[in-house]
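Below is protein-v3.txt, which holds compact mmCIF, C-alpha atoms and all ligand atoms.
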```
# COMPACT_ATOMS: atom_id res chain seq x y z
CA MET A 71 12.20 9.07 -22.24
CA SER A 72 12.98 5.50 -21.15
CA ILE A 73 10.07 3.34 -22.13
CA ALA A 74 9.24 -0.36 -22.22
CA THR A 75 6.12 -2.45 -22.74
CA VAL A 76 5.57 -5.93 -21.41
CA ARG A 77 2.80 -8.51 -21.61
CA ALA A 78 2.53 -10.93 -18.68
CA GLY A 79 0.06 -13.76 -18.15
CA SER A 80 -2.08 -14.13 -15.08
CA ASN A 81 -1.87 -17.48 -13.34
CA ILE A 82 -4.24 -19.94 -11.74
CA ALA A 83 -3.03 -21.45 -8.50
CA PHE A 84 -3.50 -25.22 -8.09
CA ILE A 85 -2.23 -24.95 -4.52
CA LYS A 86 -3.06 -21.52 -3.18
CA TYR A 87 -1.14 -18.73 -1.54
CA TRP A 88 -3.13 -17.52 1.45
CA GLY A 89 -1.61 -15.88 4.50
CA VAL A 90 1.75 -14.25 5.08
CA ALA A 91 4.61 -15.00 7.46
CA ASP A 92 6.17 -11.58 6.80
CA GLU A 93 3.78 -8.77 5.88
CA THR A 94 6.42 -6.32 4.69
CA LEU A 95 8.24 -8.68 2.37
CA ASN A 96 5.18 -10.77 1.42
CA ILE A 97 6.79 -14.02 2.52
CA PRO A 98 4.01 -16.64 2.45
CA LEU A 99 3.11 -19.27 5.02
CA SER A 100 3.46 -22.07 2.46
CA ASN A 101 4.67 -22.84 -1.07
CA SER A 102 2.14 -22.56 -3.89
CA ILE A 103 1.92 -24.01 -7.41
CA SER A 104 0.27 -22.44 -10.44
CA MET A 105 -0.15 -22.52 -14.19
CA THR A 106 0.65 -19.31 -16.06
CA LEU A 107 -2.15 -18.33 -18.45
CA ALA A 108 -1.66 -17.47 -22.13
CA ASP A 109 -5.05 -15.90 -22.72
CA ALA A 110 -5.68 -13.86 -19.55
CA HIS A 111 -2.98 -11.24 -19.51
CA THR A 112 -1.90 -7.71 -18.72
CA THR A 113 -0.06 -5.39 -21.09
CA THR A 114 1.77 -2.51 -19.42
CA THR A 115 3.84 0.39 -20.71
CA VAL A 116 6.12 2.22 -18.29
CA ALA A 117 7.67 5.51 -19.42
CA TRP A 118 10.05 7.18 -16.95
CA ASP A 119 10.22 10.97 -17.01
CA GLU A 120 13.95 11.64 -17.08
CA THR A 121 13.36 15.41 -17.13
CA GLY A 122 12.08 15.34 -13.55
CA ALA A 123 9.14 17.57 -14.54
CA LEU A 124 6.47 15.02 -13.62
CA GLN A 125 5.56 15.43 -9.95
CA THR A 126 3.62 12.19 -9.37
CA ASP A 127 3.29 8.84 -11.08
CA ILE A 128 0.40 8.73 -13.53
CA PHE A 129 -1.49 5.42 -13.74
CA VAL A 130 -4.10 4.68 -16.40
CA LEU A 131 -5.75 1.28 -16.08
CA ASP A 132 -8.10 0.01 -18.78
CA GLY A 133 -8.45 3.54 -20.15
CA VAL A 134 -9.33 5.12 -16.79
CA ALA A 135 -6.96 7.54 -15.03
CA GLN A 136 -6.58 6.17 -11.49
CA SER A 137 -6.95 8.44 -8.45
CA PRO A 138 -3.93 8.90 -6.14
CA ALA A 139 -5.57 6.46 -3.69
CA ARG A 140 -5.93 3.81 -6.38
CA SER A 141 -2.38 4.45 -7.59
CA GLN A 142 -0.81 4.03 -4.14
CA ARG A 143 0.11 0.37 -4.52
CA LEU A 144 1.67 1.05 -7.93
CA THR A 145 3.63 4.04 -6.63
CA ARG A 146 4.99 1.98 -3.72
CA HIS A 147 6.18 -0.60 -6.22
CA LEU A 148 7.77 2.03 -8.44
CA ASP A 149 9.51 3.40 -5.31
CA ILE A 150 11.30 0.04 -4.97
CA LEU A 151 12.44 0.23 -8.61
CA ARG A 152 13.50 3.88 -8.20
CA GLY A 153 15.53 2.85 -5.15
CA LEU A 154 17.31 0.11 -7.10
CA ALA A 155 18.14 2.42 -10.00
CA GLY A 156 19.03 5.37 -7.76
CA VAL A 157 16.67 7.78 -9.53
CA MET A 158 13.81 10.02 -8.43
CA TRP A 159 11.98 10.03 -11.76
CA ARG A 160 8.22 9.61 -11.83
CA ALA A 161 6.55 7.47 -14.46
CA TRP A 162 3.61 7.31 -16.80
CA VAL A 163 2.10 3.84 -16.59
CA THR A 164 -0.63 2.66 -18.91
CA SER A 165 -1.96 -0.84 -18.45
CA ARG A 166 -4.67 -3.09 -19.85
CA ASN A 167 -6.05 -6.31 -18.45
CA ASN A 168 -7.86 -8.40 -21.07
CA PHE A 169 -10.11 -9.84 -18.33
CA PRO A 170 -12.06 -8.38 -15.35
CA THR A 171 -9.86 -6.66 -12.74
CA ALA A 172 -9.94 -7.58 -9.03
CA SER A 173 -12.48 -10.38 -9.34
CA GLY A 174 -10.44 -13.50 -8.63
CA ILE A 175 -8.66 -13.90 -11.95
CA ALA A 176 -5.36 -12.64 -10.48
CA SER A 177 -5.09 -9.25 -12.15
CA SER A 178 -2.63 -8.30 -9.43
CA ALA A 179 -0.40 -11.22 -10.51
CA SER A 180 -0.19 -10.30 -14.19
CA GLY A 181 -0.37 -6.58 -13.36
CA PHE A 182 2.62 -6.53 -11.01
CA ALA A 183 4.62 -9.00 -13.10
CA ALA A 184 4.19 -6.78 -16.20
CA LEU A 185 4.89 -3.62 -14.19
CA THR A 186 8.07 -5.06 -12.68
CA VAL A 187 9.52 -6.29 -15.95
CA ALA A 188 8.56 -3.16 -17.94
CA GLY A 189 9.68 -0.80 -15.17
CA CYS A 190 13.09 -2.47 -14.82
CA ALA A 191 13.60 -2.75 -18.59
CA ALA A 192 12.83 0.93 -19.08
CA LEU A 193 15.33 1.81 -16.34
CA GLY A 194 17.98 -0.38 -17.95
CA LEU A 195 18.16 -2.57 -14.82
CA GLU A 196 19.35 -5.97 -15.95
CA MET A 197 17.94 -8.73 -13.78
CA ASP A 198 17.32 -12.42 -14.25
CA PRO A 199 13.76 -13.79 -13.90
CA THR A 200 14.47 -15.05 -10.36
CA ARG A 201 15.43 -11.58 -9.17
CA LEU A 202 12.42 -10.11 -10.99
CA SER A 203 10.24 -12.73 -9.29
CA ALA A 204 11.45 -11.55 -5.87
CA LEU A 205 10.79 -7.94 -6.86
CA ALA A 206 7.27 -8.62 -8.16
CA ARG A 207 6.50 -10.58 -4.95
CA ARG A 208 7.00 -7.44 -2.86
CA SER A 209 3.75 -5.95 -4.18
CA SER A 210 1.74 -9.05 -5.07
CA GLY A 211 2.74 -12.50 -3.88
CA SER A 212 1.12 -14.32 -6.76
CA ALA A 213 2.93 -12.02 -9.23
CA SER A 214 6.16 -13.82 -8.31
CA ARG A 215 4.79 -16.89 -10.15
CA SER A 216 3.87 -14.96 -13.32
CA LEU A 217 7.57 -14.32 -13.97
CA PHE A 218 7.76 -17.81 -15.46
CA GLY A 219 5.70 -19.57 -18.08
CA GLY A 220 4.03 -22.96 -17.77
CA PHE A 221 3.87 -24.73 -14.40
CA VAL A 222 5.48 -22.84 -11.56
CA GLU A 223 6.16 -23.27 -7.85
CA TRP A 224 6.73 -20.35 -5.49
CA GLU A 225 9.15 -21.50 -2.81
CA LYS A 226 8.16 -19.71 0.36
CA GLY A 227 11.77 -19.25 1.45
CA SER A 228 12.57 -17.09 4.44
CA SER A 229 14.13 -13.94 3.03
CA ASP A 230 13.71 -11.43 0.24
CA ALA A 231 16.28 -13.25 -1.88
CA ASP A 232 15.00 -16.81 -1.55
CA SER A 233 11.21 -16.36 -1.52
CA VAL A 234 10.97 -16.75 -5.30
CA ALA A 235 9.21 -18.75 -7.97
CA VAL A 236 10.88 -21.59 -9.85
CA PRO A 237 9.70 -23.06 -13.15
CA LEU A 238 8.64 -26.72 -12.94
CA TYR A 239 7.72 -27.36 -16.60
CA GLY A 240 7.23 -25.16 -19.66
CA PRO A 241 3.77 -24.46 -21.13
CA GLU A 242 4.18 -27.22 -23.74
CA HIS A 243 4.45 -29.89 -21.01
CA TRP A 244 0.71 -30.37 -20.56
CA ASP A 245 -2.09 -29.06 -22.77
CA LEU A 246 -4.50 -28.16 -19.98
CA ARG A 247 -7.27 -25.60 -20.19
CA ASP A 248 -8.52 -23.16 -17.59
CA LEU A 249 -12.14 -22.17 -18.31
CA VAL A 250 -13.01 -19.23 -16.10
CA ALA A 251 -16.74 -19.06 -15.50
CA VAL A 252 -17.37 -15.39 -14.80
CA VAL A 253 -20.39 -15.02 -12.52
CA SER A 254 -19.46 -11.46 -11.61
CA GLY A 255 -16.90 -9.11 -13.13
CA GLU A 256 -17.39 -6.69 -10.23
CA GLU A 257 -14.41 -5.60 -8.16
CA LYS A 258 -14.22 -7.33 -4.79
CA LYS A 259 -14.62 -5.11 -1.75
CA LEU A 260 -11.47 -6.28 0.02
CA SER A 261 -8.36 -6.90 -2.09
CA SER A 262 -6.46 -10.15 -1.70
CA ALA A 263 -3.61 -8.18 -0.15
CA GLY A 264 -6.02 -7.15 2.63
CA GLY A 265 -7.38 -10.70 2.92
CA HIS A 266 -3.95 -12.23 3.55
CA LEU A 267 -3.65 -10.20 6.72
CA LEU A 268 -6.85 -11.78 8.08
CA ALA A 269 -5.80 -15.39 7.52
CA LYS A 270 -4.24 -15.75 10.96
CA SER A 271 -7.57 -14.94 12.62
CA SER A 272 -9.11 -18.16 11.26
CA PRO A 273 -9.16 -21.21 13.57
CA LEU A 274 -8.83 -23.34 10.41
CA LEU A 275 -5.59 -21.79 9.13
CA ASN A 276 -3.30 -24.22 10.94
CA GLY A 277 -5.24 -27.20 9.60
CA ARG A 278 -4.65 -26.08 6.03
CA ILE A 279 -0.98 -25.26 6.58
CA THR A 280 -0.41 -28.66 8.25
CA HIS A 281 -1.78 -30.49 5.21
CA VAL A 282 -0.51 -28.32 2.40
CA GLY A 283 2.92 -30.01 2.18
CA GLY A 284 1.30 -33.31 1.17
CA TRP A 285 -1.01 -31.56 -1.29
CA LEU A 286 1.95 -29.81 -2.95
CA GLU A 287 3.64 -33.19 -3.34
CA GLU A 288 0.51 -34.61 -4.94
CA VAL A 289 0.22 -31.70 -7.39
CA ARG A 290 3.89 -31.96 -8.39
CA GLY A 291 3.36 -35.67 -9.10
CA ALA A 292 0.13 -35.07 -11.02
CA ILE A 293 1.75 -32.43 -13.23
CA ALA A 294 4.81 -34.63 -13.82
CA GLY A 295 2.54 -37.51 -14.90
CA ARG A 296 0.00 -35.26 -16.69
CA ASP A 297 -2.70 -36.97 -14.64
CA ILE A 298 -5.90 -34.90 -14.47
CA HIS A 299 -7.60 -37.40 -12.11
CA ARG A 300 -4.72 -37.04 -9.67
CA LEU A 301 -4.55 -33.25 -10.01
CA GLY A 302 -8.28 -32.57 -9.80
CA PRO A 303 -9.25 -33.86 -6.34
CA VAL A 304 -6.35 -32.12 -4.62
CA ILE A 305 -6.93 -28.73 -6.29
CA GLU A 306 -10.60 -28.87 -5.30
CA LEU A 307 -9.63 -29.80 -1.74
CA ASP A 308 -7.15 -26.95 -1.43
CA ALA A 309 -9.53 -24.38 -2.94
CA LEU A 310 -12.23 -25.42 -0.45
CA ALA A 311 -9.69 -25.35 2.38
CA MET A 312 -8.59 -21.82 1.45
CA HIS A 313 -12.18 -20.60 1.21
CA SER A 314 -12.93 -22.23 4.58
CA VAL A 315 -10.08 -20.21 6.06
CA MET A 316 -11.45 -17.06 4.41
CA MET A 317 -15.02 -17.68 5.58
CA THR A 318 -13.90 -18.33 9.16
CA SER A 319 -11.52 -15.40 9.48
CA SER A 320 -12.49 -12.37 11.44
CA PRO A 321 -14.10 -10.46 9.82
CA SER A 322 -15.39 -13.28 7.64
CA LEU A 323 -14.59 -13.15 3.93
CA LEU A 324 -17.32 -14.70 1.82
CA TYR A 325 -16.41 -14.33 -1.85
CA TRP A 326 -18.96 -16.83 -3.18
CA GLN A 327 -22.13 -15.78 -4.99
CA PRO A 328 -25.10 -18.12 -5.59
CA GLY A 329 -23.66 -18.67 -9.07
CA THR A 330 -20.40 -19.93 -7.59
CA LEU A 331 -22.22 -22.78 -5.87
CA GLU A 332 -24.34 -23.51 -8.96
CA ILE A 333 -21.11 -24.15 -10.88
CA LEU A 334 -19.48 -26.29 -8.16
CA GLN A 335 -22.55 -28.52 -8.03
CA ALA A 336 -22.75 -28.72 -11.83
CA VAL A 337 -19.09 -29.77 -12.09
CA ARG A 338 -19.61 -32.60 -9.63
CA ARG A 339 -22.74 -33.71 -11.51
CA TRP A 340 -20.95 -33.68 -14.87
CA ARG A 341 -18.06 -35.64 -13.43
CA GLN A 342 -19.95 -38.18 -11.38
CA GLY A 343 -22.97 -38.53 -13.66
CA ASP A 344 -21.41 -38.18 -17.11
CA GLY A 345 -17.74 -39.03 -16.57
CA LEU A 346 -16.54 -35.62 -17.78
CA ALA A 347 -12.97 -35.12 -16.54
CA VAL A 348 -13.25 -31.57 -15.19
CA TYR A 349 -12.36 -30.12 -11.77
CA PHE A 350 -12.79 -26.72 -10.16
CA THR A 351 -10.68 -24.27 -8.27
CA ILE A 352 -11.56 -20.78 -7.00
CA ASP A 353 -9.24 -17.86 -6.30
CA ALA A 354 -10.15 -14.95 -4.03
CA GLY A 355 -13.38 -14.01 -5.81
CA PRO A 356 -16.72 -15.47 -6.92
CA ASN A 357 -15.56 -16.71 -10.32
CA VAL A 358 -14.84 -20.39 -10.79
CA HIS A 359 -11.92 -21.83 -12.76
CA LEU A 360 -12.60 -25.19 -14.40
CA ILE A 361 -9.51 -27.21 -15.19
CA CYS A 362 -9.56 -29.93 -17.82
CA ALA A 363 -7.55 -31.45 -20.66
CA ALA A 364 -7.70 -29.58 -23.99
CA GLU A 365 -9.93 -32.23 -25.60
CA SER A 366 -12.64 -31.82 -22.92
CA ALA A 367 -12.72 -28.01 -23.17
CA PRO A 368 -15.38 -27.63 -25.93
CA GLU A 369 -17.84 -29.83 -24.01
CA VAL A 370 -17.12 -28.03 -20.72
CA GLU A 371 -17.58 -24.65 -22.42
CA THR A 372 -20.95 -25.65 -23.92
CA ARG A 373 -22.21 -26.89 -20.56
CA LEU A 374 -20.89 -23.87 -18.66
CA SER A 375 -22.42 -21.38 -21.09
CA ALA A 376 -25.83 -22.98 -20.55
CA LEU A 377 -25.78 -22.27 -16.80
CA ARG A 378 -28.01 -19.38 -15.73
CA SER A 379 -25.42 -17.60 -13.62
CA VAL A 380 -22.49 -17.69 -16.03
CA GLU A 381 -22.01 -14.26 -17.66
CA ARG A 382 -19.10 -15.28 -19.84
CA VAL A 383 -16.40 -17.91 -20.14
CA ILE A 384 -12.72 -17.03 -20.57
CA ILE A 385 -10.68 -19.94 -21.88
CA SER A 386 -6.95 -20.07 -21.46
CA ARG A 387 -4.07 -22.36 -22.37
CA PRO A 388 -0.83 -22.58 -20.41
CA GLY A 389 1.25 -19.56 -21.40
CA PRO A 390 4.75 -18.16 -21.56
CA GLY A 391 6.55 -15.89 -19.12
CA PRO A 392 6.56 -12.10 -19.62
CA GLN A 393 7.33 -10.83 -23.13
CA LEU A 394 8.79 -7.48 -24.13
CA LEU A 395 6.69 -5.86 -26.90
CA ASP A 396 7.78 -3.31 -29.47
CA GLU A 397 4.49 -1.41 -29.55
CA HIS A 398 3.78 0.89 -26.62
CA LEU A 399 0.40 1.81 -25.13
CA ILE A 400 1.48 5.45 -24.67
P1 LIG B 501 -7.31 -10.10 -8.36
O1 LIG B 501 -8.14 -11.27 -7.94
O2 LIG B 501 -7.75 -9.57 -9.68
O3 LIG B 501 -5.82 -10.34 -8.32
P2 LIG B 501 -6.63 -8.39 -6.16
O4 LIG B 501 -7.51 -7.70 -5.18
O5 LIG B 501 -5.71 -9.41 -5.63
O6 LIG B 501 -7.59 -9.01 -7.27
O7 LIG B 501 -5.81 -7.33 -6.96
C1 LIG B 501 -6.44 -6.28 -7.62
C2 LIG B 501 -5.55 -5.06 -7.52
O8 LIG B 501 -4.36 -5.28 -8.29
C3 LIG B 501 -6.16 -3.81 -8.13
O9 LIG B 501 -6.98 -3.15 -7.22
C4 LIG B 501 -4.92 -3.01 -8.47
O10 LIG B 501 -4.40 -2.40 -7.31
C5 LIG B 501 -3.93 -4.09 -8.88
N1 LIG B 501 -3.94 -4.25 -10.34
C6 LIG B 501 -4.83 -4.90 -11.12
N2 LIG B 501 -4.51 -4.82 -12.41
C7 LIG B 501 -3.37 -4.11 -12.47
C8 LIG B 501 -2.52 -3.68 -13.52
N3 LIG B 501 -2.78 -4.01 -14.78
N4 LIG B 501 -1.41 -2.95 -13.22
C9 LIG B 501 -1.12 -2.66 -11.93
N5 LIG B 501 -1.88 -3.03 -10.89
C10 LIG B 501 -2.99 -3.75 -11.15
```
What do you get writing this file as structure tokens?
Amino acid sequence: MSIATVRAGSNIAFIKYWGVADETLNIPLSNSISMTLADAHTTTTVAWDETGALQTDIFVLDGVAQSPARSQRLTRHLDILRGLAGVMWRAWVTSRNNFPTASGIASSASGFAALTVAGCAALGLEMDPTRLSALARRSSGSASRSLFGGFVEWEKGSSDADSVAVPLYGPEHWDLRDLVAVVSGEEKKLSSAGGHLLAKSSPLLNGRITHVGGWLEEVRGAIAGRDIHRLGPVIELDALAMHSVMMTSSPSLLYWQPGTLEILQAVRRWRQGDGLAVYFTIDAGPNVHLICAAESAPEVETRLSALRSVERVIISRPGPGPQLLDEHLI
């Protein structure tokens, strides 16, 4: 049996990926920039059945055997790997997310990054991280960014080969914290993959795409200069712009819960009233990510935990790219 286990970090996008130019290849409408997370991650073991006895891929996620319908996306991804290796083998895949799945903490990013790296390693396919980034992108756009640690930009490119992530700075460059305020760990009804297809129905999409080039520039500069007060306003602006596109698409996607808004208002109060250097961003889900420097994190955590709607707080540092592990989950 060819087996490999990989841990990959999720990532939080500072400038978001929303909307696709090419649905089949997952080529985005714009570049995006993220920070890979050390403490919100997926661990995945892929074991290929070289005997050919296994008839279908078996997928166990967080201890639960997934139905064929819920394994479809994984099987399609494994089909790409099988095609590259020229084999028909099916696989046992066991995976664990150490944070809530499908709730806006980018489980698809860490999930497909870990699956890609483990699947290729177990097949003996030798590929550099750029090629792995392109492969991961096929099943989850944001997974392309989790192929690198630290601060990462996904260049939209125009083809399968050049729509890939590039590392900007390693995790040691800037000791930021992402405090995820979980207001609901429930799975969203429509996956992000489904949401991307709706983006073009929003009258606000073009407005965001027109401005995003300048926002990317600003985020690159803020990361280079480790300037939280330069980073913060632009990540809030882009998160609100993306959610405006979501809310005004047809059908409308409204991921926010009352708790989401409670946190946004609290963050502004803490910043404006008390001078606390903390900013928010929100992925495709109700949970809010608060970004601050490491020294502000304890104060932000105390304040967040006191809010009525916050179920739990997940705190993460910037993290490394995918790591091969010696211990398998199977
Ligand atoms: P999220 O905000 O968590 O990324 P998405 O809707 O974008 O939510 O993606 C969730 C989907 O990603 C799940 O329904 C599942 O198909 C896939 N996924 C999540 N975790 C894993 C994993 N560990 N391995 C493989 N696929 C995963």
- Env. residues ligand LIG 501 (chain B) / 9 Å / only C-alpha atoms and all ligand atoms / as an NGL selection string: :A and (80 or 111-114 or 129-132 or 140-144 or 163-167 or 169-185 or 210 or 212-213 or 257-265 or 353-355)
- Measuring atom to atom with all atoms listed in the file, identify which of A:Phe350, A:Trp162, A:Tyr87, A:Trp118 is nearest to Ser214 in chain A. A:Tyr87
- So which one's closest to Ile333 in chain A, A:Val116, A:Leu124, A:Val315, A:Val348? Using all atoms listed in the file, please.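 Among the listed residues, A:Val348 lies closest to Ile333 in chain A.
Here the question is which of A:Gly89, A:Pro328, A:Gly345, A:Gly291 gets nearest to Val370 in chain A using only C-alpha atoms, and that residue is A:Gly345.
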- Item | Among the residues A:Gly227, A:Pro273, A:Gly79, A:Pro388, the one that comes closest to Asn168 in chain A [using only C-alpha atoms] |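 Closest to Asn168 in chain A of all the choices is A:Gly79.
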- Message: Considering all atoms listed in the file, can you say which of A:Tyr349, A:Trp244, A:Phe221, A:Trp159 comes closest to Thr126 in chain A?
- Response: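 Going through A:Tyr349, A:Trp244, A:Phe221, A:Trp159 one by one, the smallest distance to Thr126 in chain A is for A:Trp159.
Ranking A:His313, A:Arg77, A:Arg338, A:Lys226 by their shortest atom-to-atom distance to Gln393 in chain A, with all atoms listed in the file included, puts A:Arg77 first.
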- Query: For the atom pair CA of Val289 in chain A and CA of Ser322 in chain A, what is the interatomic distance in Å to one decimal place?
  - Reply: 28.4 Å
- Note on the structure: As a check of understanding: the span from CA of Leu331 in chain A to CA of Gly389 in chain A is 28.3 Å
- Work out how far CA of Val222 in chain A is from CA of Gly284 in chain A, in Å to one decimal.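 Answer for the CA of Gly284 in chain A to CA of Val222 in chain A separation: 17.0 Å.
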- Would you mind listing what lies within 7 Å of Ile82 in chain A as a list in words, with all atoms listed in the file counted and same-chain residues fewer than 2 positions away left out?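 After dropping sequence-adjacent residues, the list is Phe84, Ser104, Met105 and Thr106 of chain A.
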- Would you kindly return, as a ChimeraX atom specification, each protein, DNA or RNA residue with an atom no farther than 12 Å from any atom of Ala235 in chain A, considering only C-alpha atoms and excluding same-chain residues fewer than 2 positions away? /A:97-98,101-106,183,199-207,211-227,230-233,237-238,391
Give me the range 102-207 of chain A side of the contact with range 371-386 of chain A, cut-off 7 Å, one line per residue showing its nearest atom pair and distance in Å at one decimal, counting all atoms listed in the file, sorted by chain and residue number, as JSON lines.
```
{"residue": "A:Leu107", "atom": "CA", "partner": "A:Ser386", "partner_atom": "CA", "distance": 5.9}
{"residue": "A:Ala108", "atom": "CA", "partner": "A:Ser386", "partner_atom": "CA", "distance": 5.9}
{"residue": "A:Asp109", "atom": "CA", "partner": "A:Ser386", "partner_atom": "CA", "distance": 4.8}
{"residue": "A:Ala110", "atom": "CA", "partner": "A:Ser386", "partner_atom": "CA", "distance": 6.6}
```
